[in-house]
Structures are given as structure tokens and as C-alpha cells.
Amino acid sequence: MSRIVVALGGNALQSNPKDVSAESQLASCRLTAKAIVSLVKEGHEVIVAHGNGPQVGQIVSTYETASKTAGGYVMPLPECGSMSQGYIGYHLQQSIGDALRKEGINRSVATVITQVVVDRDDPAFQNPSKPIGSFFTKEEAYKLVAMENGYVMKEDAGRGYRRVVPSPMPKRIVEENIVRTLAEAGHIVISCGGGGVPVIEDEDGLKGVAAVIDKDLASEKLAEIMDADVLLILTAVEKVAINYNRPGQKDLDTLTAEEAEGYMREGHFAPGSMLPKVQAAVMFARSGPGRKAIITSLEKAEDAIQGKTGTVVTN
Ligand SMILES: Nc1ncnc2c1ncn2[C@@H]1O[C@H](COP(=O)(O)OP(=O)(O)O)[C@@H](O)[C@H]1O
Ligand SMILES: NC(=O)OP(=O)(O)O
């Protein structure tokens with residue numbers, strides 16, 4: 001039995017990026033739930049974290065559109081982040097709960113709205129880098145920048161242009177005790193959705209900040225403090241590659257932290273997509289003896305935990 005923190009990527013929540021409907025997300029979550037329940041069936045203790053880039057962008061732009069007829073008020077980004085945790089958590093909670101019942105497994109599922117403390121002086125606040133929302137062409141992107149004051153648009157790993165927002169490093173998970181208590185009591189916990197709602201701490205308490213934390217890095221922090229054995233990062237590819245989409249592409253079965261750092265320096269992993277996953281994997285592998293990270297696809301989650309596939313990152 002291992003304790004596994006599963007970080008769910010975009011395709012686990014919206015397998016068709018062009019269809020941002022709730023129905024489509026729920027259908028994806030139902031497939032994802034099967035993969036998660038297969039791990040529970042094997043006897044593993046599972047804590048789930050997930051992304052929110054498309055969803056938080058959708059929520060923000062809905063409020064922006066509504067603000068045009070509602071006195072100009074636009075919902076702040078941390079509030080939109082917390083809504084995305086509720087929206088995605090609801091679909092995952094329902095889907096995993098139903099899948100557990102179908103397997104005759106008597107376990108509960110709980111979504112914990114999670115706040116993650118970040119450093120107010122994190123340089124990321126000066127350099128927006130986290131893509132959120134839909135993809136646009138270059139022309140559409142320029143038009144949006146001109147229309148929406150304060151938007152920064154960047155090209156996202158060859159997939160089109162997206163709005164980018166600051167993405168500070170996660171420092172502390174505020175709700176860590178409740179996540180641990182629920183997990184140790186045998187419940188399936190969904191935490192750190194969208195990397196957690198970013199907050200800063202001062203003498204008055206916590207205050208949300210306009211940013212979106214990378215979910216792979218937040219999942220790594222969660223895996224560390226939950227003393228997990230495995231950080232399982234599920235994305236759209238079965239293995240990490242060097243020379244990805246270039247001549248000489250080679251899928252990697254194993255990767256030491258040192259090798260990964262070398263490949264990172266050589267630029268093999270796209271920023272904003274594979275790079276944060278490899279960074280998170282290296283951080284987790286180095287965080288304690290025997291800890292490993294696995295990067296693989298949703299479909300291969302069970303095989304990867306059984307050592308049959310995926311890219312395994314160790315210290
Ligand atoms: N070196 C690489 N090896 C494998 N995939 C890579 C690599 N560099 C970039 N990618 C791309 O990154 C994607 C994963 O990033 P992304 O889609 O942003 O993640 P998420 O699943 O968390 O939403 C992969 O599906 C693949 O298309
Ligand atoms: N918050 C976050 O990292 O979301 P995505 O994985 O959807 O980009």
C-alpha cells in the first residue's frame with residue numbers, strides 16, 4: 001500500500017479543449033474517476049489535486065462579460081480560483097463517489113477548498129507566466145489586449161495564445177491538517193485544486209492575491225507534507241521525452257534528478273507544460289528517501305503504479 005498524490009492535468013478534466021461545457025467536463029471526470037478508483041482498489045491511499053487553467057479563465061471571462069451590464073464590477077481572481085475548486089471538486093467528488101459505489105467500495109470523497117500561502121515578494125508577480133482560459137490566434141490575442149486593460153497574452157507551448165497571470169511558488173498549504181485527517185481516516189480527498197487559492201499572510205491574517213499557482217508545484221508541496229510515497233502526475237502523454245516533437249525524440253523510462261536537471265538546462269521541456277511537471281518531480285524525488293515521482297497519462301495510471309510504464313523520476 002502506498003500513499004499517492006495524484007495531480008490531474010487538463011485532459012483529465014476536459015478531454016476536448018474546444019468543449020468547455022459542464023457536460024463535457026463531467027464526462028471526462030467520470031473516466032478519470034475510473035483511473036483513481038483502480039488505484040484505490042489496489043489498496044492505495046489516494047489524495048487528488050488538479051489544474052484549473054481553462055476553468056478559472058472561463059469563470060473570469062464570464063464575470064468580465066457580466067460586468068458590462070452590472071456596474072463594472074469584475075470578480076477578483078482568487079475568488080474565481082475558489083469557484084473553480086468548487087466546480088471541479090463537485091464533478092470529481094460525484095464521479096469518484098459513483099465509481100467507488102459501483103465497485104462496492106465504502107469510502108467517502110471530500111473536496112477541501114484549499115488556500116496556499118505564497119510570498120508577496122515572489123518575482124512571479126512581475127512576470128505573468130501562467131496561461132488561463134481559452135486559446136486564441138495571434139490576431140485575436142492582440143485585439144483582446146487592446147480591449148481588456150491589463151491583459152497579458154503569451155504563446156502557450158505552440159498551441160496558440162492565452163492570457164497569462166502571475167504564478168508564484170507555493171509555500172504552505174493552509175488546510176494541510178484537515179487534508180491529513182481526512183486521508184488518514186480513509187476518505188478520498190480532493191485538495192489544492194488549481195494549485196490552491198493563492199494567499200499572502202500578514203498580521204491581520206490571510207488575503208487572496210491575483211495569481212494562479214501551478215498545480216504540479218502545489219501537488220508536489222502537498223505530496224511532501226502528506227509524506228506521500230509517490231507523486232503521480234497524469235497528463236496527455238505516457239512518457240516524458242527529450243527532443244519532443246523534433247527529430248531524435250526519445251521517450252524516457254527513468255530519470256534521475258540530476259539527469260532531469262541536465263535536460264532542463266538543455267531546454268527539452270516546454271515552459272508552462274512539461275517543465276513544471278519535471279521540476280515538481282525532481283523536487284519530490286529529492287524531498288526524502290524512497291520517494292519517487294511518475295509522469296504518465298491518465299489511461300496508464302494503474303500500469304505506471306505497477307512499474308510497467310511512465311517516466312519514473314528518482315533522486
Ligand atoms: N519533453 C516533453 N515530453 C513530453 N511531452 C511534452 C514535452 N514538452 C512538452 N510536452 C507537452 O506537454 C503536455 C503536458 O502539458 P500540459 O498539457 O500543459 O499539462 P496538463 O496535463 O497538466 O494540462 C504534453 O501533453 C505534451 O504535449
Ligand atoms: N493551476 C494550474 O496549474 O492549472 P492547469 O494545470 O490547468 O494549467
# chains A, B, ... in the order shown; residues from 1 in each chain; ligands from 1
$ residues_around --residues "Val116 in chain A" --least-positions-apart "5" --cutoff "7 Å" --atoms "only C-alpha atoms" --output "list in words"
Pro170, Lys171, Arg172, Ile173, Val174, Gly196, Val197, Pro198 and Val199 of chain A
$ write_last_selection --atoms "N, CA and C atoms" --output "tab-separated table (two decimals), in the first residue's frame"
chain	number	residue	atom	x	y	z
A	170	PRO	N	4.29	27.92	-4.49
A	170	PRO	CA	3.53	27.56	-3.27
A	170	PRO	C	4.49	27.38	-2.09
A	171	LYS	N	4.12	27.96	-0.94
A	171	LYS	CA	4.99	27.87	0.24
A	171	LYS	C	4.40	27.01	1.35
A	172	ARG	N	3.08	27.16	1.57
A	172	ARG	CA	2.46	26.44	2.70
A	172	ARG	C	1.00	26.18	2.38
A	173	ILE	N	0.52	25.00	2.73
A	173	ILE	CA	-0.89	24.66	2.48
A	173	ILE	C	-1.66	24.90	3.78
A	174	VAL	N	-2.55	25.88	3.74
A	174	VAL	CA	-3.22	26.30	4.98
A	174	VAL	C	-4.04	25.15	5.57
A	196	GLY	N	-4.36	25.53	-5.61
A	196	GLY	CA	-4.76	26.19	-4.37
A	196	GLY	C	-5.05	27.67	-4.63
A	197	VAL	N	-5.90	28.25	-3.79
A	197	VAL	CA	-6.16	29.69	-3.92
A	197	VAL	C	-4.96	30.42	-3.33
A	198	PRO	N	-4.26	31.25	-4.13
A	198	PRO	CA	-3.06	31.89	-3.58
A	198	PRO	C	-3.40	32.98	-2.57
A	199	VAL	N	-2.76	32.91	-1.40
A	199	VAL	CA	-2.99	33.91	-0.36
A	199	VAL	C	-1.64	34.37	0.19
$ residues_around --residues "range 258-262 of chain A" --least-positions-apart "3" --cutoff "12 Å" --atoms "only C-alpha atoms" --output "PyMOL selection string"
chain A and resi 240-242+252+254-255+265-269+274-283+285-286+311-315
$ write_last_selection --atoms "C-alpha atoms" --output "PDB file, in the first residue's frame"
ATOM      1  CA  VAL A 240       8.379  12.415 -20.877  1.00  0.00           C
ATOM      2  CA  ALA A 241      10.557  12.791 -23.960  1.00  0.00           C
ATOM      3  CA  ILE A 242      13.735  14.521 -24.929  1.00  0.00           C
ATOM      4  CA  LEU A 252      12.306   8.271 -21.099  1.00  0.00           C
ATOM      5  CA  THR A 254      13.565   6.584 -15.882  1.00  0.00           C
ATOM      6  CA  LEU A 255      15.171   9.847 -14.959  1.00  0.00           C
ATOM      7  CA  ARG A 265      19.165  23.214 -18.858  1.00  0.00           C
ATOM      8  CA  GLU A 266      19.239  21.954 -22.460  1.00  0.00           C
ATOM      9  CA  GLY A 267      15.616  23.130 -22.902  1.00  0.00           C
ATOM     10  CA  HIS A 268      13.927  19.768 -23.548  1.00  0.00           C
ATOM     11  CA  PHE A 269      10.777  20.580 -21.542  1.00  0.00           C
ATOM     12  CA  MET A 274       6.185  19.736 -19.281  1.00  0.00           C
ATOM     13  CA  LEU A 275       8.777  21.869 -17.460  1.00  0.00           C
ATOM     14  CA  PRO A 276       6.790  22.398 -14.201  1.00  0.00           C
ATOM     15  CA  LYS A 277       5.975  18.671 -14.126  1.00  0.00           C
ATOM     16  CA  VAL A 278       9.645  17.697 -14.332  1.00  0.00           C
ATOM     17  CA  GLN A 279      10.555  20.401 -11.791  1.00  0.00           C
ATOM     18  CA  ALA A 280       7.888  19.109  -9.400  1.00  0.00           C
ATOM     19  CA  ALA A 281       9.047  15.511  -9.944  1.00  0.00           C
ATOM     20  CA  VAL A 282      12.668  16.434  -9.160  1.00  0.00           C
ATOM     21  CA  MET A 283      11.687  18.379  -6.034  1.00  0.00           C
ATOM     22  CA  ALA A 285      12.244  12.819  -5.520  1.00  0.00           C
ATOM     23  CA  ARG A 286      14.783  14.878  -3.586  1.00  0.00           C
ATOM     24  CA  THR A 311       8.653   8.132 -16.682  1.00  0.00           C
ATOM     25  CA  VAL A 312       9.850   7.423 -13.156  1.00  0.00           C
ATOM     26  CA  VAL A 313      11.884  10.176 -11.504  1.00  0.00           C
ATOM     27  CA  THR A 314      14.067   9.260  -8.555  1.00  0.00           C
ATOM     28  CA  ASN A 315      16.825  11.023  -6.659  1.00  0.00           C
TER      29      ASN A 315
END
$ residues_near_ligand --ligand "ligand 1" --cutoff "8 Å" --atoms "only C-alpha atoms and all ligand atoms" --output "ChimeraX atom specification"
/A:7-12,51,157,215-216,233-237,239-245,251,268-275,277
$ select_by_dssp --residues "range 10-211 of chain A" --states "helix (DSSP H, G or I)" --output "PyMOL selection string"
chain A and resi 10-13+22-41+53-67+77-102+123-126+138-147+176-184+193-195
$ closest_residue --among "A:Asn127, A:Ser167, A:Thr137, A:Gln306" --to "ligand 2" --atoms "only C-alpha atoms and all ligand atoms"
A:Ser167
